[in-house]
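Below is one structure; the comments refer to it alone.
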Amino acid sequence: MSEPIRLVVAGGGTAGHISPMLAIADAVKQDNPAAQITALGSPGGLETRLVPEAGYPLELIPKAPMPRSINLDLLKFPFRFAKAVNQAKAVLRQSNAQALLGVGGYVCTPAYLAAKKLGVPIFVHEANSKAGMANKLGAKHAAAVGTTFAGTGLPGEEQVGMPMRSNVATMDRAALREEARAHFGLTDDRPVLLVTGGSSGALSLNNAVAQSLQQLNAAGIRTVHITGRGKQLTDATGALLAHEGYTQVEYVDRMDYAYAAADLMVCRSGAGTVCELEVAGTPSVLVPLPIGNGEQKLNARELVQAGGALLVDDKDFSAGYIAEQVIPLLGDQHKLEQMSQAASSLGRRDAAQIMARKIITEVSSRVHSGQEG
């Protein structure tokens with residue numbers, strides 16, 4: 001398509017929604033450099049930081065979640081929701097949008113309804129194994145539905161994988177290994193265990209690691225621990241926890257370094273993390289978040305069945321598990337290599353490009369046939 005495409009992308013709340021949204025936006029820009037892309041989000045979500053950092057204009061509409069009990073909020077809900085739909089309509093009109101991409105989150109329900117009323121083609125990407133309510137609604141009227149995992153139950157779904165931004169999607173773990181280890185101050189060839197609970201951290205993982213540092217170091221293992229913002233581990237004096245062979249950091253912007261430096265990673269099984277582990281080919285121990293509707297365990301299923309990861313319930317991940325399972329695994333280079341190959345066999349790097357082409361092709365077709373608007 002030679003003319004600039006005008007696209008609104010909607011999603012927010014968590015990085016799990018925002019990262020694939022921005023990856024698809026970047027892929028549209030790569031294919032159509034003059035593309036005019038506006039993001040739609042809600043106040044208070046991570047999108048208020050991540051979208052401007054990515055260089056896209058952001059419009060905000062109020063959250064209008066359905067109250068779960070009968071109270072005053074339930075009476076106010078129809079008016080709040082109608083206001084959110086009208087504001088989403090205004091953004092679509094002001095940007096003269098030719099398409100709407102939604103990835104889930106509170107903002108998407110009013111955005112999907114606004115696009116349907118205005119005749120703007122809808123595109124949906126679902127990151128999780130279990131689709132959220134917003135995407136279930138959007139998929140009913142979508143021109144195309146892409147999913148990360150098979151069998152989400154969305155109408156017309158096509159499994160395309162997880163859209164991810166280029167530094168992870170194009171990474172070569174072996175080639176990046178030396179640079180990645182230097183980034184974390186790792187100067188020898190000892191095996192590396194990298195533990196992360198994601199940007200917000202995971203208290204159960206952090207505690208188990210803190211109790212295992214002596215055993216890990218005695219086994220010749222270097223531990224890199226991404227604790228999460230505000231979740232640093234401290235000792236009895238209040239100082240940052242320190243131990244030989246142990247490095248802790250709050251947050252890492254370059255997750256490609258984390259995947260490349262690690263011989264084994266212990267982490268949650270959010271959809272984005274699982275797919276990045278597959279692309280990187282990093283062996284892992286997955287500890288699904290114990291709350292929610294069980295989607296993290298579902299996200300892990302394919303990778304675990306392929307042999308690229310071990311799965312352990314949050315309640316069972318302890319210092320004892322690290323001693324009995326993690327430390328022996330880090331001493332088994334052959335097993336780690338098998339896990340790496342199994343993970344890599346599932347990796348899909350081009351989901352963002354596939355979704356971008358679907359959007360551009362549909363818009364181009366509508367323009368040429370005179371259907372636009």
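Residue names in the structure tokens use chain letters A, B, ... in the order shown, residue numbers from 1 in each chain, and ligand numbers from 1 in the order shown.
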*Identify, on the basis of only C-alpha atoms, every residue whose closest approach to Met21 in chain A does not exceed 10 Å; exclude the query and any residue fewer than 4 positions from it along the same chain; express the result as JSON, numbers by chain.*
{"A": [9, 10, 11, 12, 15, 16, 17, 25, 26, 39, 51, 101, 102, 103, 104, 125, 163, 164, 165, 352]}
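DSSP annotation of range 203-330 of chain A from backbone atoms: strand (DSSP E or B) residues are A:Arg222, A:Thr223, A:Val224, A:His225, A:Ile226, A:Thr234, A:Leu240, A:Tyr246, A:Thr247, A:Gln248, A:Val249, A:Leu264, A:Met265, A:Val266, A:Cys267, A:Ser284, A:Val285, A:Leu286, A:Ala309, A:Leu310, A:Leu311.
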*Using only C-alpha atoms, pick whichever of A:Pro283, A:Gly13, A:Gly105, A:Gly220 has the shortest atom-to-atom distance to Ala134 in chain A.*
A:Gly105
*From a DSSP pass on the backbone, collect the residues of range 135-245 of chain A flagged as alpha helix (DSSP H) and hand them back as a ChimeraX atom specification.*
/A:135-139,166-169,173-183,203-210,213-218
Take the residues from that selection and write them out as a short mmCIF file (atom, residue, chain, number, x, y, z; two decimals), in the first residue's frame, keeping N, CA, C and O atoms.
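The result, stored in part.cif:
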data_model
loop_
_atom_site.label_atom_id
_atom_site.label_comp_id
_atom_site.auth_asym_id
_atom_site.auth_seq_id
_atom_site.Cartn_x
_atom_site.Cartn_y
_atom_site.Cartn_z
N ASN A 135 -11.89 -9.28 23.96
CA ASN A 135 -11.54 -9.88 22.67
C ASN A 135 -12.60 -10.87 22.18
O ASN A 135 -12.75 -11.07 20.97
N LYS A 136 -13.34 -11.49 23.10
CA LYS A 136 -14.45 -12.34 22.68
C LYS A 136 -15.49 -11.50 21.94
O LYS A 136 -16.06 -11.94 20.93
N LEU A 137 -15.72 -10.29 22.43
CA LEU A 137 -16.66 -9.39 21.76
C LEU A 137 -16.09 -8.91 20.42
O LEU A 137 -16.76 -8.97 19.39
N GLY A 138 -14.85 -8.43 20.43
CA GLY A 138 -14.25 -7.90 19.21
C GLY A 138 -14.14 -8.92 18.11
O GLY A 138 -14.34 -8.60 16.93
N ALA A 139 -13.84 -10.16 18.47
CA ALA A 139 -13.64 -11.20 17.46
C ALA A 139 -14.92 -11.51 16.67
O ALA A 139 -14.84 -11.96 15.52
N SER A 166 11.60 -6.06 18.16
CA SER A 166 12.65 -6.65 17.34
C SER A 166 13.85 -7.16 18.12
O SER A 166 14.48 -8.14 17.71
N ASN A 167 14.22 -6.54 19.26
CA ASN A 167 15.46 -6.98 19.92
C ASN A 167 15.35 -8.42 20.43
O ASN A 167 16.34 -9.13 20.50
N VAL A 168 14.13 -8.87 20.77
CA VAL A 168 13.94 -10.27 21.15
C VAL A 168 13.62 -11.12 19.94
O VAL A 168 14.16 -12.22 19.76
N ALA A 169 12.74 -10.63 19.06
CA ALA A 169 12.30 -11.42 17.91
C ALA A 169 13.45 -11.84 17.01
O ALA A 169 13.41 -12.90 16.39
N ARG A 173 20.76 -16.23 20.54
CA ARG A 173 21.20 -16.43 21.93
C ARG A 173 22.69 -16.71 22.03
O ARG A 173 23.40 -16.15 22.88
N ALA A 174 23.19 -17.59 21.17
CA ALA A 174 24.61 -17.96 21.25
C ALA A 174 25.51 -16.77 20.92
O ALA A 174 26.51 -16.53 21.60
N ALA A 175 25.13 -16.00 19.90
CA ALA A 175 25.94 -14.87 19.48
C ALA A 175 25.94 -13.75 20.53
O ALA A 175 26.91 -13.01 20.67
N LEU A 176 24.83 -13.64 21.27
CA LEU A 176 24.67 -12.54 22.23
C LEU A 176 25.20 -12.91 23.62
O LEU A 176 25.32 -12.07 24.50
N ARG A 177 25.53 -14.17 23.80
CA ARG A 177 25.83 -14.70 25.15
C ARG A 177 26.94 -13.93 25.86
O ARG A 177 26.79 -13.53 27.02
N GLU A 178 28.06 -13.71 25.21
CA GLU A 178 29.20 -13.05 25.87
C GLU A 178 28.83 -11.61 26.27
O GLU A 178 29.11 -11.17 27.39
N GLU A 179 28.21 -10.88 25.36
CA GLU A 179 27.79 -9.51 25.64
C GLU A 179 26.77 -9.47 26.78
O GLU A 179 26.81 -8.60 27.65
N ALA A 180 25.84 -10.43 26.77
CA ALA A 180 24.80 -10.48 27.80
C ALA A 180 25.39 -10.76 29.17
O ALA A 180 25.02 -10.15 30.18
N ARG A 181 26.34 -11.69 29.24
CA ARG A 181 26.94 -12.01 30.53
C ARG A 181 27.75 -10.84 31.06
O ARG A 181 27.75 -10.56 32.26
N ALA A 182 28.42 -10.13 30.17
CA ALA A 182 29.17 -8.94 30.59
C ALA A 182 28.22 -7.89 31.15
O ALA A 182 28.55 -7.18 32.11
N HIS A 183 27.04 -7.77 30.57
CA HIS A 183 26.04 -6.80 31.03
C HIS A 183 25.69 -7.04 32.51
O HIS A 183 25.46 -6.09 33.26
N LEU A 203 6.95 -12.60 44.97
CA LEU A 203 7.46 -12.78 46.33
C LEU A 203 7.86 -14.22 46.61
O LEU A 203 8.89 -14.49 47.23
N SER A 204 7.05 -15.19 46.14
CA SER A 204 7.35 -16.59 46.43
C SER A 204 8.65 -17.02 45.76
O SER A 204 9.46 -17.75 46.36
N LEU A 205 8.89 -16.58 44.53
CA LEU A 205 10.15 -16.90 43.85
C LEU A 205 11.32 -16.23 44.57
O LEU A 205 12.37 -16.85 44.79
N ASN A 206 11.14 -14.96 44.93
CA ASN A 206 12.21 -14.22 45.60
C ASN A 206 12.61 -14.89 46.90
O ASN A 206 13.80 -15.04 47.21
N ASN A 207 11.63 -15.32 47.70
CA ASN A 207 11.93 -15.94 49.00
C ASN A 207 12.67 -17.26 48.82
O ASN A 207 13.63 -17.55 49.56
N ALA A 208 12.22 -18.07 47.87
CA ALA A 208 12.87 -19.37 47.65
C ALA A 208 14.32 -19.19 47.23
O ALA A 208 15.21 -19.93 47.69
N VAL A 209 14.57 -18.22 46.38
CA VAL A 209 15.95 -17.96 45.93
C VAL A 209 16.80 -17.47 47.09
O VAL A 209 17.95 -17.92 47.28
N ALA A 210 16.26 -16.56 47.89
CA ALA A 210 17.02 -16.01 49.02
C ALA A 210 17.46 -17.11 49.98
O ALA A 210 18.56 -17.07 50.54
N LEU A 213 20.72 -19.39 48.36
CA LEU A 213 21.94 -18.80 47.82
C LEU A 213 23.20 -19.58 48.20
O LEU A 213 24.11 -19.74 47.38
N GLN A 214 23.26 -20.07 49.44
CA GLN A 214 24.45 -20.81 49.86
C GLN A 214 24.60 -22.09 49.06
O GLN A 214 25.69 -22.42 48.57
N GLN A 215 23.48 -22.82 48.87
CA GLN A 215 23.53 -24.08 48.11
C GLN A 215 23.87 -23.82 46.64
O GLN A 215 24.64 -24.57 46.03
N LEU A 216 23.29 -22.78 46.07
CA LEU A 216 23.55 -22.46 44.67
C LEU A 216 25.03 -22.13 44.46
O LEU A 216 25.67 -22.62 43.53
N ASN A 217 25.58 -21.30 45.34
CA ASN A 217 26.98 -20.93 45.19
C ASN A 217 27.90 -22.12 45.42
O ASN A 217 28.89 -22.30 44.70
N ALA A 218 27.55 -22.96 46.40
CA ALA A 218 28.37 -24.15 46.68
C ALA A 218 28.38 -25.10 45.49
O ALA A 218 29.36 -25.83 45.28
#
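Nearest-residue note for His225 in chain A: choosing from A:Gln305, A:Asn96, A:Thr14, A:Gln248, the minimum distance belongs to A:Gln248, counting only C-alpha atoms.
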*Nearby residues (only C-alpha atoms) at most 6 Å from Thr223 in chain A, same-chain spacing under 2 positions excluded, as a VMD selection string*: chain A and resid 192 to 194 246
_Shell around Arg93 in chain A at 10 Å using only C-alpha atoms, local window under 4 positions removed, as a ChimeraX atom specification_ = /A:87-89,97-98,114-115,118,120
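The residue that comes closest to Gly185 in chain A, out of A:Ala236, A:Ala202, A:Ala261, A:Ala300 and on the basis of only C-alpha atoms, is A:Ala261.
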Shell of 12 Å around Leu264 in chain A, only C-alpha atoms, local chain residues under 3 positions omitted, as a PDB file with N, CA and C atoms, in the first residue's frame:
ATOM      1  N   PRO A 191      27.809 -21.976  35.277  1.00  0.00           N
ATOM      2  CA  PRO A 191      26.422 -21.926  34.816  1.00  0.00           C
ATOM      3  C   PRO A 191      25.648 -20.816  35.515  1.00  0.00           C
ATOM      4  N   VAL A 192      24.703 -20.241  34.777  1.00  0.00           N
ATOM      5  CA  VAL A 192      23.950 -19.088  35.276  1.00  0.00           C
ATOM      6  C   VAL A 192      22.475 -19.445  35.416  1.00  0.00           C
ATOM      7  N   LEU A 193      21.953 -19.235  36.621  1.00  0.00           N
ATOM      8  CA  LEU A 193      20.515 -19.315  36.885  1.00  0.00           C
ATOM      9  C   LEU A 193      19.983 -17.895  36.912  1.00  0.00           C
ATOM     10  N   LEU A 194      19.003 -17.606  36.081  1.00  0.00           N
ATOM     11  CA  LEU A 194      18.384 -16.287  36.098  1.00  0.00           C
ATOM     12  C   LEU A 194      16.944 -16.430  36.571  1.00  0.00           C
ATOM     13  N   VAL A 195      16.577 -15.665  37.578  1.00  0.00           N
ATOM     14  CA  VAL A 195      15.247 -15.746  38.180  1.00  0.00           C
ATOM     15  C   VAL A 195      14.550 -14.402  38.023  1.00  0.00           C
ATOM     16  N   THR A 196      13.320 -14.442  37.523  1.00  0.00           N
ATOM     17  CA  THR A 196      12.542 -13.211  37.409  1.00  0.00           C
ATOM     18  C   THR A 196      11.061 -13.494  37.604  1.00  0.00           C
ATOM     19  N   ILE A 221      27.167 -22.314  40.905  1.00  0.00           N
ATOM     20  CA  ILE A 221      26.161 -21.647  40.060  1.00  0.00           C
ATOM     21  C   ILE A 221      26.138 -20.156  40.366  1.00  0.00           C
ATOM     22  N   ARG A 222      26.172 -19.352  39.326  1.00  0.00           N
ATOM     23  CA  ARG A 222      25.966 -17.910  39.454  1.00  0.00           C
ATOM     24  C   ARG A 222      24.473 -17.624  39.342  1.00  0.00           C
ATOM     25  N   THR A 223      23.937 -16.828  40.243  1.00  0.00           N
ATOM     26  CA  THR A 223      22.510 -16.506  40.250  1.00  0.00           C
ATOM     27  C   THR A 223      22.314 -15.029  39.949  1.00  0.00           C
ATOM     28  N   VAL A 224      21.551 -14.751  38.901  1.00  0.00           N
ATOM     29  CA  VAL A 224      21.140 -13.383  38.581  1.00  0.00           C
ATOM     30  C   VAL A 224      19.656 -13.285  38.896  1.00  0.00           C
ATOM     31  N   ALA A 258      18.852 -11.062  29.236  1.00  0.00           N
ATOM     32  CA  ALA A 258      18.495 -12.053  30.260  1.00  0.00           C
ATOM     33  C   ALA A 258      18.399 -13.448  29.655  1.00  0.00           C
ATOM     34  N   TYR A 259      17.697 -13.567  28.523  1.00  0.00           N
ATOM     35  CA  TYR A 259      17.537 -14.876  27.882  1.00  0.00           C
ATOM     36  C   TYR A 259      18.877 -15.431  27.405  1.00  0.00           C
ATOM     37  N   ALA A 260      19.763 -14.550  26.942  1.00  0.00           N
ATOM     38  CA  ALA A 260      21.048 -15.007  26.405  1.00  0.00           C
ATOM     39  C   ALA A 260      22.036 -15.365  27.504  1.00  0.00           C
ATOM     40  N   ALA A 261      21.983 -14.657  28.631  1.00  0.00           N
ATOM     41  CA  ALA A 261      22.942 -14.915  29.711  1.00  0.00           C
ATOM     42  C   ALA A 261      22.612 -16.188  30.466  1.00  0.00           C
ATOM     43  N   CYS A 267      10.840 -18.512  36.065  1.00  0.00           N
ATOM     44  CA  CYS A 267       9.987 -17.356  35.825  1.00  0.00           C
ATOM     45  C   CYS A 267       8.516 -17.748  35.819  1.00  0.00           C
ATOM     46  N   LEU A 277      10.823 -17.126  25.514  1.00  0.00           N
ATOM     47  CA  LEU A 277      11.690 -18.263  25.841  1.00  0.00           C
ATOM     48  C   LEU A 277      11.846 -19.185  24.641  1.00  0.00           C
ATOM     49  N   ALA A 280      14.076 -17.442  22.020  1.00  0.00           N
ATOM     50  CA  ALA A 280      15.464 -17.418  22.480  1.00  0.00           C
ATOM     51  C   ALA A 280      16.055 -18.822  22.565  1.00  0.00           C
ATOM     52  N   GLY A 281      15.202 -19.834  22.832  1.00  0.00           N
ATOM     53  CA  GLY A 281      15.703 -21.179  23.057  1.00  0.00           C
ATOM     54  C   GLY A 281      16.324 -21.333  24.444  1.00  0.00           C
ATOM     55  N   THR A 282      15.772 -20.612  25.422  1.00  0.00           N
ATOM     56  CA  THR A 282      16.301 -20.666  26.785  1.00  0.00           C
ATOM     57  C   THR A 282      15.533 -21.692  27.612  1.00  0.00           C
ATOM     58  N   PRO A 283      16.200 -22.708  28.171  1.00  0.00           N
ATOM     59  CA  PRO A 283      15.514 -23.678  29.039  1.00  0.00           C
ATOM     60  C   PRO A 283      14.927 -22.965  30.257  1.00  0.00           C
ATOM     61  N   SER A 284      13.814 -23.478  30.772  1.00  0.00           N
ATOM     62  CA  SER A 284      13.161 -22.756  31.857  1.00  0.00           C
ATOM     63  C   SER A 284      12.439 -23.675  32.829  1.00  0.00           C
ATOM     64  N   VAL A 285      12.243 -23.141  34.028  1.00  0.00           N
ATOM     65  CA  VAL A 285      11.334 -23.703  35.026  1.00  0.00           C
ATOM     66  C   VAL A 285      10.210 -22.679  35.164  1.00  0.00           C
ATOM     67  N   LEU A 286       9.002 -23.084  34.806  1.00  0.00           N
ATOM     68  CA  LEU A 286       7.869 -22.169  34.791  1.00  0.00           C
ATOM     69  C   LEU A 286       7.038 -22.365  36.053  1.00  0.00           C
ATOM     70  N   GLY A 308      10.715 -28.285  26.553  1.00  0.00           N
ATOM     71  CA  GLY A 308      11.537 -27.091  26.682  1.00  0.00           C
ATOM     72  C   GLY A 308      11.505 -26.455  28.051  1.00  0.00           C
ATOM     73  N   ALA A 309      10.600 -26.932  28.923  1.00  0.00           N
ATOM     74  CA  ALA A 309      10.460 -26.332  30.243  1.00  0.00           C
ATOM     75  C   ALA A 309       9.940 -27.355  31.233  1.00  0.00           C
ATOM     76  N   LEU A 310      10.211 -27.102  32.516  1.00  0.00           N
ATOM     77  CA  LEU A 310       9.583 -27.826  33.610  1.00  0.00           C
ATOM     78  C   LEU A 310       8.488 -26.942  34.184  1.00  0.00           C
ATOM     79  N   ILE A 322      14.481 -26.148  44.596  1.00  0.00           N
ATOM     80  CA  ILE A 322      15.713 -25.676  43.962  1.00  0.00           C
ATOM     81  C   ILE A 322      16.837 -26.684  44.192  1.00  0.00           C
ATOM     82  N   GLN A 325      15.731 -30.130  42.186  1.00  0.00           N
ATOM     83  CA  GLN A 325      15.463 -30.099  40.748  1.00  0.00           C
ATOM     84  C   GLN A 325      16.342 -29.106  39.989  1.00  0.00           C
ATOM     85  N   VAL A 326      16.432 -27.885  40.486  1.00  0.00           N
ATOM     86  CA  VAL A 326      17.103 -26.820  39.729  1.00  0.00           C
ATOM     87  C   VAL A 326      18.613 -27.013  39.707  1.00  0.00           C
ATOM     88  N   ILE A 327      19.201 -27.244  40.863  1.00  0.00           N
ATOM     89  CA  ILE A 327      20.670 -27.385  40.917  1.00  0.00           C
ATOM     90  C   ILE A 327      21.154 -28.585  40.100  1.00  0.00           C
ATOM     91  N   PRO A 328      20.546 -29.779  40.223  1.00  0.00           N
ATOM     92  CA  PRO A 328      20.987 -30.892  39.362  1.00  0.00           C
ATOM     93  C   PRO A 328      20.817 -30.605  37.868  1.00  0.00           C
ATOM     94  N   LEU A 329      19.726 -29.916  37.515  1.00  0.00           N
ATOM     95  CA  LEU A 329      19.503 -29.605  36.100  1.00  0.00           C
ATOM     96  C   LEU A 329      20.598 -28.698  35.559  1.00  0.00           C
ATOM     97  N   LEU A 330      21.016 -27.724  36.347  1.00  0.00           N
ATOM     98  CA  LEU A 330      22.073 -26.817  35.888  1.00  0.00           C
ATOM     99  C   LEU A 330      23.417 -27.523  35.745  1.00  0.00           C
ATOM    100  N   GLY A 331      23.540 -28.703  36.359  1.00  0.00           N
ATOM    101  CA  GLY A 331      24.763 -29.472  36.185  1.00  0.00           C
ATOM    102  C   GLY A 331      24.704 -30.459  35.042  1.00  0.00           C
ATOM    103  N   ASP A 332      23.575 -30.492  34.328  1.00  0.00           N
ATOM    104  CA  ASP A 332      23.378 -31.460  33.247  1.00  0.00           C
ATOM    105  C   ASP A 332      23.329 -30.717  31.906  1.00  0.00           C
ATOM    106  N   GLN A 333      24.498 -30.459  31.329  1.00  0.00           N
ATOM    107  CA  GLN A 333      24.578 -29.663  30.111  1.00  0.00           C
ATOM    108  C   GLN A 333      23.841 -30.325  28.950  1.00  0.00           C
ATOM    109  N   LYS A 335      21.139 -32.236  29.093  1.00  0.00           N
ATOM    110  CA  LYS A 335      19.704 -32.021  29.280  1.00  0.00           C
ATOM    111  C   LYS A 335      19.318 -30.580  28.937  1.00  0.00           C
ATOM    112  N   LEU A 336      20.134 -29.629  29.347  1.00  0.00           N
ATOM    113  CA  LEU A 336      19.851 -28.225  29.040  1.00  0.00           C
ATOM    114  C   LEU A 336      19.845 -27.989  27.531  1.00  0.00           C
ATOM    115  N   GLU A 337      20.765 -28.623  26.824  1.00  0.00           N
ATOM    116  CA  GLU A 337      20.830 -28.469  25.373  1.00  0.00           C
ATOM    117  C   GLU A 337      19.581 -29.075  24.721  1.00  0.00           C
ATOM    118  N   MET A 339      16.623 -29.282  26.101  1.00  0.00           N
ATOM    119  CA  MET A 339      15.529 -28.354  26.420  1.00  0.00           C
ATOM    120  C   MET A 339      15.587 -27.125  25.516  1.00  0.00           C
ATOM    121  N   SER A 340      16.791 -26.633  25.268  1.00  0.00           N
ATOM    122  CA  SER A 340      16.963 -25.475  24.400  1.00  0.00           C
ATOM    123  C   SER A 340      16.458 -25.760  22.990  1.00  0.00           C
TER     124      SER A 340
END
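The shortest atom-to-atom distance to Cys275 in chain A, with only C-alpha atoms taken into account, belongs to A:Met162 out of A:Met162, A:Ala323, A:Leu22, A:Val304.
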*Quick one: everything within 6 Å of Ile122 in chain A, counting only C-alpha atoms, minus sequence neighbours fewer than 3 positions away in the same chain. Send it as a list in words.*
Leu100, Ala142 and Ala143 of chain A
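Considering only C-alpha atoms, the residue among A:Gly347, A:Gly245, A:Gly41, A:Pro288 positioned nearest to Lys63 in chain A is A:Gly41.
Shortest separation to Ala351 in chain A among A:Val312, A:Val160, A:Met133, A:Val266 occurs at residue A:Val160, atoms counted being only C-alpha atoms.
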*Within 8 Å of range 151-159 of chain A, counting only C-alpha atoms, which residues show up once you throw out same-chain ones fewer than 5 positions away? Write them as a ChimeraX atom specification, please.*
/A:128-131,136,139-140,144-146
